[in-house]
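Listing of my_file-v4.cif, mmCIF, C-alpha atoms and all ligand atoms
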```
data_data
loop_
_atom_site.group_PDB
_atom_site.id
_atom_site.type_symbol
_atom_site.label_atom_id
_atom_site.label_comp_id
_atom_site.auth_asym_id
_atom_site.auth_seq_id
_atom_site.Cartn_x
_atom_site.Cartn_y
_atom_site.Cartn_z
ATOM 1 C CA MET H 244 -0.178 -12.374 9.846
ATOM 2 C CA LYS H 245 -3.713 -13.200 8.806
ATOM 3 C CA PHE H 246 -6.719 -11.993 10.790
ATOM 4 C CA VAL H 247 -9.921 -14.010 10.676
ATOM 5 C CA THR H 248 -13.325 -14.286 12.277
ATOM 6 C CA VAL H 249 -14.549 -17.819 12.902
ATOM 7 C CA LYS H 250 -17.548 -19.510 14.407
ATOM 8 C CA HIS H 251 -16.564 -22.063 17.026
ATOM 9 C CA ARG H 252 -19.112 -23.836 19.235
ATOM 10 C CA GLU H 253 -21.788 -21.354 18.167
ATOM 11 C CA LYS H 254 -19.632 -18.420 19.210
ATOM 12 C CA GLU H 255 -18.173 -15.805 16.909
ATOM 13 C CA LEU H 256 -14.440 -15.492 17.580
ATOM 14 C CA PRO H 257 -12.065 -12.961 16.046
ATOM 15 C CA GLY H 258 -8.470 -14.125 15.941
ATOM 16 C CA VAL H 259 -5.300 -14.785 14.008
ATOM 17 C CA LEU H 260 -4.317 -17.808 11.932
ATOM 18 C CA SER H 261 -1.406 -19.981 13.018
ATOM 19 C CA SER H 262 1.569 -19.956 10.653
ATOM 20 C CA ASP H 263 0.571 -23.332 9.132
ATOM 21 C CA GLU H 264 -2.940 -21.859 8.675
ATOM 22 C CA GLU H 265 -4.481 -24.926 10.305
ATOM 23 C CA GLY H 266 -5.450 -23.253 13.549
ATOM 24 C CA VAL H 267 -6.711 -19.991 14.960
ATOM 25 C CA TYR H 268 -5.620 -18.129 18.084
ATOM 26 C CA SER H 269 -8.650 -16.231 19.360
ATOM 27 C CA PHE H 270 -8.363 -12.714 20.739
ATOM 28 C CA GLU H 271 -9.871 -14.129 23.952
ATOM 29 C CA GLU H 272 -6.843 -16.400 24.344
ATOM 30 C CA ILE H 273 -4.415 -13.631 23.439
ATOM 31 C CA PHE H 274 -5.849 -10.669 25.350
ATOM 32 C CA GLY H 275 -7.982 -12.271 28.081
ATOM 33 C CA LYS H 276 -10.569 -9.925 29.616
ATOM 34 C CA GLU H 277 -9.322 -6.981 27.557
ATOM 35 C CA ALA H 278 -9.983 -8.777 24.275
ATOM 36 C CA PRO H 279 -11.546 -6.734 21.460
ATOM 37 C CA ASN H 280 -14.933 -8.312 20.752
ATOM 38 C CA SER H 281 -14.485 -8.179 16.986
ATOM 39 C CA LEU H 282 -11.794 -7.689 14.404
ATOM 40 C CA LEU H 283 -13.363 -4.331 13.546
ATOM 41 C CA ASN H 284 -13.001 -3.383 17.201
ATOM 42 C CA LEU H 285 -9.279 -4.274 17.195
ATOM 43 C CA ILE H 286 -8.730 -2.246 14.018
ATOM 44 C CA GLN H 287 -10.564 0.737 15.532
ATOM 45 C CA GLN H 288 -8.632 0.587 18.815
ATOM 46 C CA ASN H 289 -5.372 0.331 16.946
ATOM 47 C CA GLY H 290 -6.297 3.196 14.668
ATOM 48 C CA LYS H 291 -7.173 5.395 17.620
ATOM 49 C CA ASN H 292 -3.840 4.676 19.299
ATOM 50 C CA ALA H 293 -2.027 5.496 16.102
ATOM 51 C CA GLU H 294 -3.928 8.795 15.771
ATOM 52 C CA VAL H 295 -3.299 9.832 19.383
ATOM 53 C CA ASN H 296 0.389 9.380 18.767
ATOM 54 C CA SER H 297 0.267 10.980 15.332
ATOM 55 C CA GLU H 298 2.335 8.043 14.230
ATOM 56 C CA ILE H 299 1.729 5.537 11.544
ATOM 57 C CA ILE H 300 0.346 2.181 12.633
ATOM 58 C CA LYS H 301 3.195 0.108 11.271
ATOM 59 C CA ASP H 302 5.904 2.011 13.117
ATOM 60 C CA SER H 303 4.090 3.385 16.126
ATOM 61 C CA PRO H 304 4.870 1.528 19.314
ATOM 62 C CA MET H 305 1.509 2.631 20.745
ATOM 63 C CA GLY H 306 -0.563 1.976 17.667
ATOM 64 C CA ASN H 307 1.223 -1.280 17.287
ATOM 65 C CA GLN H 308 0.926 -2.493 20.873
ATOM 66 C CA SER H 309 -1.824 -5.013 20.291
ATOM 67 C CA ILE H 310 -0.220 -6.204 17.067
ATOM 68 C CA GLU H 311 3.061 -6.842 18.890
ATOM 69 C CA LYS H 312 1.224 -8.687 21.644
ATOM 70 C CA ILE H 313 -0.422 -10.918 19.039
ATOM 71 C CA ARG H 314 2.907 -11.527 17.320
ATOM 72 C CA ARG H 315 4.557 -12.608 20.577
ATOM 73 C CA PHE H 316 1.621 -14.821 21.543
ATOM 74 C CA ILE H 317 1.427 -16.725 18.281
ATOM 75 C CA SER H 318 5.180 -17.288 18.110
ATOM 76 C CA ASP H 319 5.179 -18.984 21.540
ATOM 77 C CA PRO H 320 4.908 -22.762 20.996
ATOM 78 C CA GLU H 321 3.240 -23.105 24.433
ATOM 79 C CA ASN H 322 0.122 -21.475 23.021
ATOM 80 C CA ILE H 323 -2.133 -23.907 21.206
ATOM 81 C CA PRO H 324 -4.543 -22.699 18.512
ATOM 82 C CA ILE H 325 -8.083 -23.985 17.975
ATOM 83 C CA PRO H 326 -7.975 -26.395 15.002
ATOM 84 C CA LEU H 327 -9.527 -24.669 12.005
ATOM 85 C CA ASP H 328 -11.424 -27.828 11.045
ATOM 86 C CA GLN H 329 -13.525 -27.311 14.189
ATOM 87 C CA CYS H 330 -14.534 -23.837 12.999
ATOM 88 C CA ASP H 331 -16.528 -22.180 10.247
ATOM 89 C CA ILE H 332 -14.688 -19.251 8.722
ATOM 90 C CA LEU H 333 -16.884 -16.147 8.539
ATOM 91 C CA ALA H 334 -16.118 -12.904 6.727
ATOM 92 C CA PRO H 335 -13.257 -11.183 8.601
ATOM 93 C CA ILE H 336 -15.582 -8.220 9.256
ATOM 94 C CA PRO H 337 -19.071 -9.728 9.033
ATOM 95 C CA ARG H 338 -20.855 -6.475 9.900
ATOM 96 C CA PRO H 339 -18.968 -3.520 8.469
ATOM 97 C CA LEU H 340 -18.944 -0.001 9.768
ATOM 98 C CA ARG H 341 -20.790 1.359 6.734
ATOM 99 C CA ASN H 342 -21.162 0.732 3.012
ATOM 100 C CA VAL H 343 -18.176 -0.740 1.198
ATOM 101 C CA ILE H 344 -16.501 2.048 -0.818
ATOM 102 C CA CYS H 345 -16.182 0.589 -4.311
ATOM 103 C CA LEU H 346 -14.471 1.502 -7.558
ATOM 104 C CA GLY H 347 -15.986 0.660 -10.904
ATOM 105 C CA MET H 348 -14.023 0.417 -14.152
ATOM 106 C CA ASN H 349 -10.543 0.431 -12.619
ATOM 107 C CA TYR H 350 -8.847 -1.997 -15.055
ATOM 108 C CA GLN H 351 -8.479 -1.213 -18.793
ATOM 109 C CA ASP H 352 -9.521 -4.716 -19.923
ATOM 110 C CA HIS H 353 -12.699 -4.540 -17.841
ATOM 111 C CA VAL H 354 -13.603 -1.106 -19.254
ATOM 112 C CA LYS H 355 -13.151 -2.544 -22.765
ATOM 113 C CA GLU H 356 -15.500 -5.472 -22.165
ATOM 114 C CA LEU H 357 -18.295 -3.242 -20.830
ATOM 115 C CA LYS H 358 -20.468 -1.757 -23.533
ATOM 116 C CA GLY H 359 -22.682 1.282 -22.977
ATOM 117 C CA ALA H 360 -26.428 1.322 -23.708
ATOM 118 C CA ASP H 361 -25.549 2.259 -27.326
ATOM 119 C CA GLY H 362 -23.480 -0.947 -27.699
ATOM 120 C CA LYS H 363 -20.244 1.002 -28.001
ATOM 121 C CA PRO H 364 -17.266 0.486 -25.664
ATOM 122 C CA ARG H 365 -17.151 2.877 -22.747
ATOM 123 C CA PRO H 366 -14.358 5.453 -22.547
ATOM 124 C CA VAL H 367 -11.628 4.913 -19.944
ATOM 125 C CA PRO H 368 -12.667 7.041 -16.946
ATOM 126 C CA GLU H 369 -10.683 10.201 -16.309
ATOM 127 C CA VAL H 370 -11.700 10.291 -12.646
ATOM 128 C CA PRO H 371 -12.422 7.288 -10.404
ATOM 129 C CA VAL H 372 -15.933 5.817 -10.633
ATOM 130 C CA TYR H 373 -17.056 5.447 -7.024
ATOM 131 C CA PHE H 374 -20.124 3.746 -5.653
ATOM 132 C CA GLY H 375 -21.311 2.326 -2.347
ATOM 133 C CA LYS H 376 -22.265 -1.312 -1.795
ATOM 134 C CA MET H 377 -24.644 -1.934 1.079
ATOM 135 C CA ALA H 378 -23.730 -4.985 3.105
ATOM 136 C CA SER H 379 -25.113 -5.106 6.603
ATOM 137 C CA GLU H 380 -24.083 -8.790 6.674
ATOM 138 C CA ILE H 381 -21.046 -9.849 4.643
ATOM 139 C CA ILE H 382 -20.793 -13.553 3.877
ATOM 140 C CA GLY H 383 -17.521 -15.441 4.182
ATOM 141 C CA THR H 384 -15.710 -18.185 2.323
ATOM 142 C CA GLY H 385 -18.004 -21.200 1.946
ATOM 143 C CA GLY H 386 -21.124 -19.010 2.177
ATOM 144 C CA ILE H 387 -23.986 -19.431 -0.279
ATOM 145 C CA ILE H 388 -24.722 -16.755 -2.892
ATOM 146 C CA GLU H 389 -28.467 -16.383 -3.492
ATOM 147 C CA LEU H 390 -29.683 -15.858 -7.052
ATOM 148 C CA HIS H 391 -32.804 -13.783 -6.267
ATOM 149 C CA GLU H 392 -34.440 -15.132 -9.437
ATOM 150 C CA GLU H 393 -37.638 -13.179 -8.819
ATOM 151 C CA THR H 394 -35.636 -9.935 -9.010
ATOM 152 C CA THR H 395 -32.738 -10.513 -11.437
ATOM 153 C CA ASN H 396 -31.695 -12.868 -14.219
ATOM 154 C CA SER H 397 -28.048 -11.872 -14.565
ATOM 155 C CA VAL H 398 -25.954 -12.446 -11.441
ATOM 156 C CA ASP H 399 -22.274 -11.897 -12.106
ATOM 157 C CA TYR H 400 -18.974 -12.302 -10.243
ATOM 158 C CA GLU H 401 -16.092 -9.809 -9.785
ATOM 159 C CA VAL H 402 -12.842 -10.572 -7.951
ATOM 160 C CA GLU H 403 -11.420 -7.508 -6.173
ATOM 161 C CA LEU H 404 -8.650 -6.530 -3.791
ATOM 162 C CA VAL H 405 -9.992 -4.734 -0.717
ATOM 163 C CA ALA H 406 -7.863 -2.355 1.329
ATOM 164 C CA VAL H 407 -8.947 -2.213 4.980
ATOM 165 C CA ILE H 408 -8.357 1.235 6.461
ATOM 166 C CA GLY H 409 -6.414 1.032 9.730
ATOM 167 C CA LYS H 410 -6.053 4.678 10.576
ATOM 168 C CA GLY H 411 -8.688 7.219 9.661
ATOM 169 C CA GLY H 412 -8.036 10.623 8.234
ATOM 170 C CA ARG H 413 -9.121 13.418 5.968
ATOM 171 C CA ASN H 414 -7.091 14.962 3.148
ATOM 172 C CA ILE H 415 -4.586 12.118 3.278
ATOM 173 C CA PRO H 416 -1.652 12.829 0.946
ATOM 174 C CA ALA H 417 -0.984 10.082 -1.618
ATOM 175 C CA GLU H 418 2.553 9.568 -0.302
ATOM 176 C CA LYS H 419 1.119 8.765 3.161
ATOM 177 C CA ALA H 420 -1.755 6.611 1.924
ATOM 178 C CA TYR H 421 -0.202 3.221 2.663
ATOM 179 C CA ASP H 422 0.308 4.286 6.296
ATOM 180 C CA HIS H 423 -3.483 4.319 6.647
ATOM 181 C CA ILE H 424 -3.982 0.705 5.545
ATOM 182 C CA PHE H 425 -4.421 -2.066 8.132
ATOM 183 C CA GLY H 426 -4.404 -4.905 5.629
ATOM 184 C CA TYR H 427 -5.873 -6.510 2.551
ATOM 185 C CA THR H 428 -8.611 -8.984 1.804
ATOM 186 C CA ILE H 429 -10.557 -10.382 -1.159
ATOM 187 C CA MET H 430 -14.098 -9.469 -2.191
ATOM 188 C CA ASN H 431 -16.410 -11.010 -4.738
ATOM 189 C CA ASP H 432 -18.442 -7.975 -5.808
ATOM 190 C CA VAL H 433 -21.471 -10.024 -6.851
ATOM 191 C CA THR H 434 -23.637 -7.942 -9.161
ATOM 192 C CA ALA H 435 -27.114 -8.114 -10.709
ATOM 193 C CA ARG H 436 -26.251 -6.768 -14.171
ATOM 194 C CA ASP H 437 -29.835 -6.084 -15.253
ATOM 195 C CA LEU H 438 -30.485 -3.988 -12.134
ATOM 196 C CA GLN H 439 -27.124 -2.274 -12.481
ATOM 197 C CA GLY H 440 -27.993 -1.326 -16.074
ATOM 198 C CA ARG H 441 -31.555 -0.268 -15.326
ATOM 199 C CA HIS H 442 -30.631 2.307 -12.697
ATOM 200 C CA GLN H 443 -28.411 5.366 -12.942
ATOM 201 C CA GLN H 444 -26.712 4.383 -9.684
ATOM 202 C CA PHE H 445 -24.977 1.046 -9.026
ATOM 203 C CA ILE H 446 -26.110 0.647 -5.423
ATOM 204 C CA ARG H 447 -29.281 -1.253 -6.332
ATOM 205 C CA GLY H 448 -27.633 -3.957 -8.447
ATOM 206 C CA LYS H 449 -24.747 -4.375 -6.003
ATOM 207 C CA SER H 450 -26.572 -4.597 -2.694
ATOM 208 C CA LEU H 451 -28.782 -7.681 -2.784
ATOM 209 C CA ASP H 452 -28.445 -9.966 0.243
ATOM 210 C CA THR H 453 -25.396 -12.296 0.018
ATOM 211 C CA PHE H 454 -23.887 -10.194 -2.807
ATOM 212 C CA THR H 455 -20.926 -9.132 -0.658
ATOM 213 C CA THR H 456 -18.575 -11.988 0.111
ATOM 214 C CA MET H 457 -15.191 -11.353 1.674
ATOM 215 C CA GLY H 458 -12.241 -13.223 3.111
ATOM 216 C CA PRO H 459 -10.984 -15.686 3.969
ATOM 217 C CA ALA H 460 -8.649 -13.428 5.992
ATOM 218 C CA ILE H 461 -7.266 -9.920 6.264
ATOM 219 C CA LEU H 462 -3.568 -10.078 5.494
ATOM 220 C CA TYR H 463 -1.733 -7.623 7.737
ATOM 221 C CA VAL H 464 -0.206 -4.737 5.813
ATOM 222 C CA ASP H 465 3.429 -5.571 6.567
ATOM 223 C CA ALA H 466 3.252 -8.761 4.461
ATOM 224 C CA VAL H 467 2.720 -6.809 1.231
ATOM 225 C CA ASP H 468 5.320 -4.681 -0.532
ATOM 226 C CA GLU H 469 4.437 -1.224 -1.807
ATOM 227 C CA PRO H 470 3.282 -0.512 -4.408
ATOM 228 C CA VAL H 471 0.807 -3.373 -4.103
ATOM 229 C CA GLU H 472 1.302 -5.716 -7.044
ATOM 230 C CA LEU H 473 -0.650 -8.899 -6.428
ATOM 231 C CA ASP H 474 -1.920 -11.495 -8.897
ATOM 232 C CA LEU H 475 -5.666 -11.958 -8.725
ATOM 233 C CA SER H 476 -7.990 -14.350 -10.516
ATOM 234 C CA CYS H 477 -11.459 -15.813 -10.479
ATOM 235 C CA GLU H 478 -12.644 -19.233 -11.592
ATOM 236 C CA VAL H 479 -16.131 -20.647 -12.001
ATOM 237 C CA ASN H 480 -16.477 -24.446 -11.815
ATOM 238 C CA GLY H 481 -12.727 -24.769 -12.440
ATOM 239 C CA GLU H 482 -12.724 -22.494 -15.528
ATOM 240 C CA GLU H 483 -10.507 -19.450 -15.137
ATOM 241 C CA ARG H 484 -12.493 -16.366 -16.123
ATOM 242 C CA GLN H 485 -10.457 -13.463 -14.732
ATOM 243 C CA SER H 486 -6.699 -13.142 -14.317
ATOM 244 C CA SER H 487 -4.701 -9.974 -13.748
ATOM 245 C CA ASN H 488 -2.434 -8.150 -11.332
ATOM 246 C CA THR H 489 -3.248 -5.126 -9.195
ATOM 247 C CA ARG H 490 -0.394 -3.254 -10.916
ATOM 248 C CA ASN H 491 -2.944 -2.838 -13.746
ATOM 249 C CA PHE H 492 -5.165 -0.497 -11.723
ATOM 250 C CA ILE H 493 -6.147 2.648 -13.625
ATOM 251 C CA PHE H 494 -6.228 4.525 -10.289
ATOM 252 C CA ASP H 495 -3.852 3.017 -7.725
ATOM 253 C CA LEU H 496 -4.472 2.824 -3.976
ATOM 254 C CA PRO H 497 -2.477 5.940 -2.991
ATOM 255 C CA TYR H 498 -4.418 7.955 -5.554
ATOM 256 C CA VAL H 499 -7.788 6.558 -4.462
ATOM 257 C CA ILE H 500 -7.174 7.028 -0.719
ATOM 258 C CA SER H 501 -5.906 10.538 -1.271
ATOM 259 C CA ASP H 502 -8.690 11.439 -3.695
ATOM 260 C CA PHE H 503 -11.588 9.963 -1.711
ATOM 261 C CA SER H 504 -10.390 11.481 1.562
ATOM 262 C CA LYS H 505 -10.419 15.009 0.154
ATOM 263 C CA GLY H 506 -13.054 16.527 2.407
ATOM 264 C CA THR H 507 -14.366 13.111 3.514
ATOM 265 C CA THR H 508 -12.988 11.473 6.659
ATOM 266 C CA LEU H 509 -12.030 7.862 6.182
ATOM 267 C CA GLN H 510 -12.478 5.787 9.332
ATOM 268 C CA ALA H 511 -10.539 2.847 10.729
ATOM 269 C CA GLY H 512 -12.407 -0.222 9.492
ATOM 270 C CA ASP H 513 -13.564 1.311 6.208
ATOM 271 C CA LEU H 514 -13.346 -1.101 3.288
ATOM 272 C CA ILE H 515 -12.179 0.109 -0.121
ATOM 273 C CA ALA H 516 -12.801 -2.329 -2.989
ATOM 274 C CA THR H 517 -10.512 -1.526 -5.871
ATOM 275 C CA GLY H 518 -12.444 -2.750 -8.909
ATOM 276 C CA THR H 519 -12.325 -5.894 -11.002
ATOM 277 C CA PRO H 520 -10.290 -6.918 -14.065
ATOM 278 C CA GLY H 521 -11.696 -8.174 -17.394
ATOM 279 C CA GLY H 522 -13.399 -11.542 -17.713
ATOM 280 C CA VAL H 523 -16.680 -10.971 -15.904
ATOM 281 C CA GLY H 524 -19.684 -13.000 -17.081
ATOM 282 C CA LYS H 525 -21.200 -10.000 -18.865
ATOM 283 C CA GLY H 526 -18.090 -9.680 -21.066
ATOM 284 C CA PHE H 527 -18.687 -13.027 -22.833
ATOM 285 C CA THR H 528 -20.925 -13.590 -25.880
ATOM 286 C CA PRO H 529 -23.305 -14.988 -24.814
ATOM 287 C CA PRO H 530 -22.811 -13.819 -21.236
ATOM 288 C CA LYS H 531 -21.722 -16.396 -18.654
ATOM 289 C CA TYR H 532 -23.774 -15.442 -15.618
ATOM 290 C CA LEU H 533 -23.830 -17.489 -12.435
ATOM 291 C CA LYS H 534 -26.164 -20.471 -12.314
ATOM 292 C CA ARG H 535 -27.527 -22.703 -9.583
ATOM 293 C CA GLY H 536 -24.814 -24.889 -8.037
ATOM 294 C CA ASP H 537 -21.852 -22.983 -9.527
ATOM 295 C CA LYS H 538 -18.682 -22.807 -7.463
ATOM 296 C CA VAL H 539 -16.817 -19.479 -7.655
ATOM 297 C CA ILE H 540 -13.275 -19.092 -6.350
ATOM 298 C CA CYS H 541 -11.654 -15.651 -6.085
ATOM 299 C CA LYS H 542 -7.903 -15.834 -5.510
ATOM 300 C CA ILE H 543 -5.371 -13.203 -4.594
ATOM 301 C CA GLU H 544 -1.698 -13.982 -4.184
ATOM 302 C CA LYS H 545 -0.596 -14.167 -0.521
ATOM 303 C CA ILE H 546 -4.131 -13.579 0.829
ATOM 304 C CA GLY H 547 -5.713 -16.894 -0.174
ATOM 305 C CA ASN H 548 -8.836 -18.256 -1.823
ATOM 306 C CA LEU H 549 -12.357 -16.979 -1.250
ATOM 307 C CA TRP H 550 -14.821 -19.599 -2.459
ATOM 308 C CA ASN H 551 -18.601 -19.558 -2.568
ATOM 309 C CA LYS H 552 -21.303 -21.759 -3.962
ATOM 310 C CA VAL H 553 -24.351 -20.463 -5.708
ATOM 311 C CA GLU H 554 -27.589 -21.769 -4.219
ATOM 312 C CA GLU H 555 -28.667 -25.186 -5.643
HETATM 313 MG MG MG H 601 -16.811 -4.296 -8.702
#
```
Can you present the structure in this file as structure tokens?
Amino acid sequence: MKFVTVKHREKELPGVLSSDEEGVYSFEEIFGKEAPNSLLNLIQQNGKNAEVNSEIIKDSPMGNQSIEKIRRFISDPENIPIPLDQCDILAPIPRPLRNVICLGMNYQDHVKELKGADGKPRPVPEVPVYFGKMASEIIGTGGIIELHEETTNSVDYEVELVAVIGKGGRNIPAEKAYDHIFGYTIMNDVTARDLQGRHQQFIRGKSLDTFTTMGPAILYVDAVDEPVELDLSCEVNGEERQSSNTRNFIFDLPYVISDFSKGTTLQAGDLIATGTPGGVGKGFTPPKYLKRGDKVICKIEKIGNLWNKVEE
């Protein structure tokens, strides 16, 4: 099951894709008056139910109630979806709960391509490199990435798998970590490399407007086997730049969820971006940064393609 947020007749509608992915069933159709007004809202309600029952979302009849209702609704041929070609696909969660929790340097080949200020390769991190990415408005597939030429001259792309937290918690043990995931989506962690390098903290170079693009959908957790081993890639104007598999993480999702939640409560709806593999623009000599009119496609197996154009 793939969860989306679309714009249809000027209205923002959260919903679920039909199995042929050519239509969307809105929560309004599925739930009527009780419909959650956003995908974030559905995830939060579900997470709360799961917590009340101290059960995991996937197996909890209470936590899973709305998911089961959706499943029944979309499998009934009497119910007709809105054709997707009448909609614009937005980011699944256009306005997140708080900053995206990001990992830097989480693939060996990406660590190797990044040189420190002294020109030498950076060491492989012994603990996860965390940073926050501010995104009060996340753009979706088809959205335009701005270059902010007055502020930066080195805008780069980074394909990443994002885990969407479905059930909050603190001190989550690694062996329970997957039970806290609602689903998975794709992020392009667009980055201003000069700003990233100029500041001790990454937040500045990562948080320019339109630099967080996500989607096209959140793939529900039950469609992905554990451990999560998904092919991911990124191409710019048809040229493949990045290609890897999430099995190559330095710190895997159970470790990250367990580690980050030590003393910090994760909340339903939190977004954890798991880092990018080698092949970013900065890694080439000379660097291949994004230019006006470029088309960037981030792909992750099973989830889909997230494409964006750079402003003309
Ligand atoms: Mg990144």
Select the residues contacting ligand MG 601 (chain H) at a distance of at most 12 Å, based on only C-alpha atoms and all ligand atoms, then format the selection as a short mmCIF file (atom, residue, chain, number, x, y, z; two decimals) with C-alpha atoms, in the frame of the given file.
```
data_model
loop_
_atom_site.label_atom_id
_atom_site.label_comp_id
_atom_site.auth_asym_id
_atom_site.auth_seq_id
_atom_site.Cartn_x
_atom_site.Cartn_y
_atom_site.Cartn_z
CA VAL H 343 -18.18 -0.74 1.20
CA ILE H 344 -16.50 2.05 -0.82
CA CYS H 345 -16.18 0.59 -4.31
CA LEU H 346 -14.47 1.50 -7.56
CA GLY H 347 -15.99 0.66 -10.90
CA MET H 348 -14.02 0.42 -14.15
CA ASN H 349 -10.54 0.43 -12.62
CA TYR H 350 -8.85 -2.00 -15.06
CA HIS H 353 -12.70 -4.54 -17.84
CA VAL H 354 -13.60 -1.11 -19.25
CA VAL H 372 -15.93 5.82 -10.63
CA TYR H 373 -17.06 5.45 -7.02
CA PHE H 374 -20.12 3.75 -5.65
CA GLY H 375 -21.31 2.33 -2.35
CA LYS H 376 -22.26 -1.31 -1.80
CA ASP H 399 -22.27 -11.90 -12.11
CA TYR H 400 -18.97 -12.30 -10.24
CA GLU H 401 -16.09 -9.81 -9.78
CA VAL H 402 -12.84 -10.57 -7.95
CA GLU H 403 -11.42 -7.51 -6.17
CA LEU H 404 -8.65 -6.53 -3.79
CA VAL H 405 -9.99 -4.73 -0.72
CA ILE H 429 -10.56 -10.38 -1.16
CA MET H 430 -14.10 -9.47 -2.19
CA ASN H 431 -16.41 -11.01 -4.74
CA ASP H 432 -18.44 -7.98 -5.81
CA VAL H 433 -21.47 -10.02 -6.85
CA THR H 434 -23.64 -7.94 -9.16
CA ALA H 435 -27.11 -8.11 -10.71
CA ARG H 436 -26.25 -6.77 -14.17
CA GLN H 439 -27.12 -2.27 -12.48
CA PHE H 445 -24.98 1.05 -9.03
CA ILE H 446 -26.11 0.65 -5.42
CA GLY H 448 -27.63 -3.96 -8.45
CA LYS H 449 -24.75 -4.38 -6.00
CA SER H 450 -26.57 -4.60 -2.69
CA PHE H 454 -23.89 -10.19 -2.81
CA THR H 455 -20.93 -9.13 -0.66
CA THR H 456 -18.58 -11.99 0.11
CA ILE H 515 -12.18 0.11 -0.12
CA ALA H 516 -12.80 -2.33 -2.99
CA THR H 517 -10.51 -1.53 -5.87
CA GLY H 518 -12.44 -2.75 -8.91
CA THR H 519 -12.32 -5.89 -11.00
CA PRO H 520 -10.29 -6.92 -14.06
CA GLY H 521 -11.70 -8.17 -17.39
CA VAL H 523 -16.68 -10.97 -15.90
#
```
Q: Could you pull out every residue with an atom within 6 Å of (-15.4, -24.2, 16.4), file coordinates, counting all atoms listed in the file, and send them as a PyMOL selection string?
A: chain H and resi 250-252+329-330
Q) Expanded to explicit residues, what is the PyMOL selection byres (((chain H and resi 408-413) around 6) and not hetatm) for this file, as a PyMOL selection string? A) chain H and resi 286+290+407+414-415+423-425+504+507-513
Any chance you could work out the axis-aligned box around segment 397-409 of chain H, listed atoms only, 6 Å on each side, giving centre and edge lengths in Å to one decimal, as lines of an AutoDock Vina configuration file?
```
center_x = -17.2
center_y = -5.6
center_z = -2.4
size_x = 33.6
size_y = 25.7
size_z = 36.3
```
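Using only C-alpha atoms for every distance, the candidate list H:Val259, H:Asn292, H:Leu333, H:Lys312 yields H:Leu333 as the residue closest to Leu549 of chain H.
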Q) segment 483-488 of chain H: which residues within 7 Å, counting all atoms listed in the file, same-chain residues fewer than 3 positions away excluded, as a list in words? A) Glu472, Leu473, Asp474, Leu475, Ser476, Cys477, Glu478, Val479, Asn491, Pro520, Gly521, Gly522 and Val523 of chain H
**Q.** Picked residues, the PyMOL selection byres (((chain H and resi 256) around 12) and not hetatm), as JSON, numbers by chain
**A.** {"H": [246, 247, 248, 249, 250, 251, 252, 253, 254, 255, 257, 258, 259, 260, 267, 268, 269, 270, 271, 272, 273, 278, 279, 280, 281, 282, 283, 325, 327, 330, 331, 332, 333, 334, 335, 336, 337]}
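From atom CA of Lys276 of chain H back to atom CA of Gln308 of chain H, the distance works out to 16.2 Å.
Interatomic distance, atom CA of Ile387 of chain H against atom CA of Gly524 of chain H: 18.5 Å.
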**Q.** Distance query Glu469 of chain H at most 12 Å, only C-alpha atoms, self and fewer than 6 positions along chain excluded, as a PyMOL selection string
**A.** chain H and resi 418-422+424+489-490+495-497
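Among H:Met244, H:Gln351, H:Ile313, H:Ile500, the residue with the shortest atom-to-atom distance to Tyr463 of chain H, counting all atoms listed in the file, is H:Met244.
Of the listed residues (H:Pro371, H:Gly359, H:Leu514, H:Tyr498), H:Leu514 comes nearest to Arg338 of chain H; the distances count all atoms listed in the file.
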Q: Compile the contact shell of Ile388 of chain H as a ChimeraX atom specification: residues with an atom at most 10 Å away, counting all atoms listed in the file, same-chain residues fewer than 4 positions apart removed.
A: /H:382,398,433,451-456,533,535-539,551-555
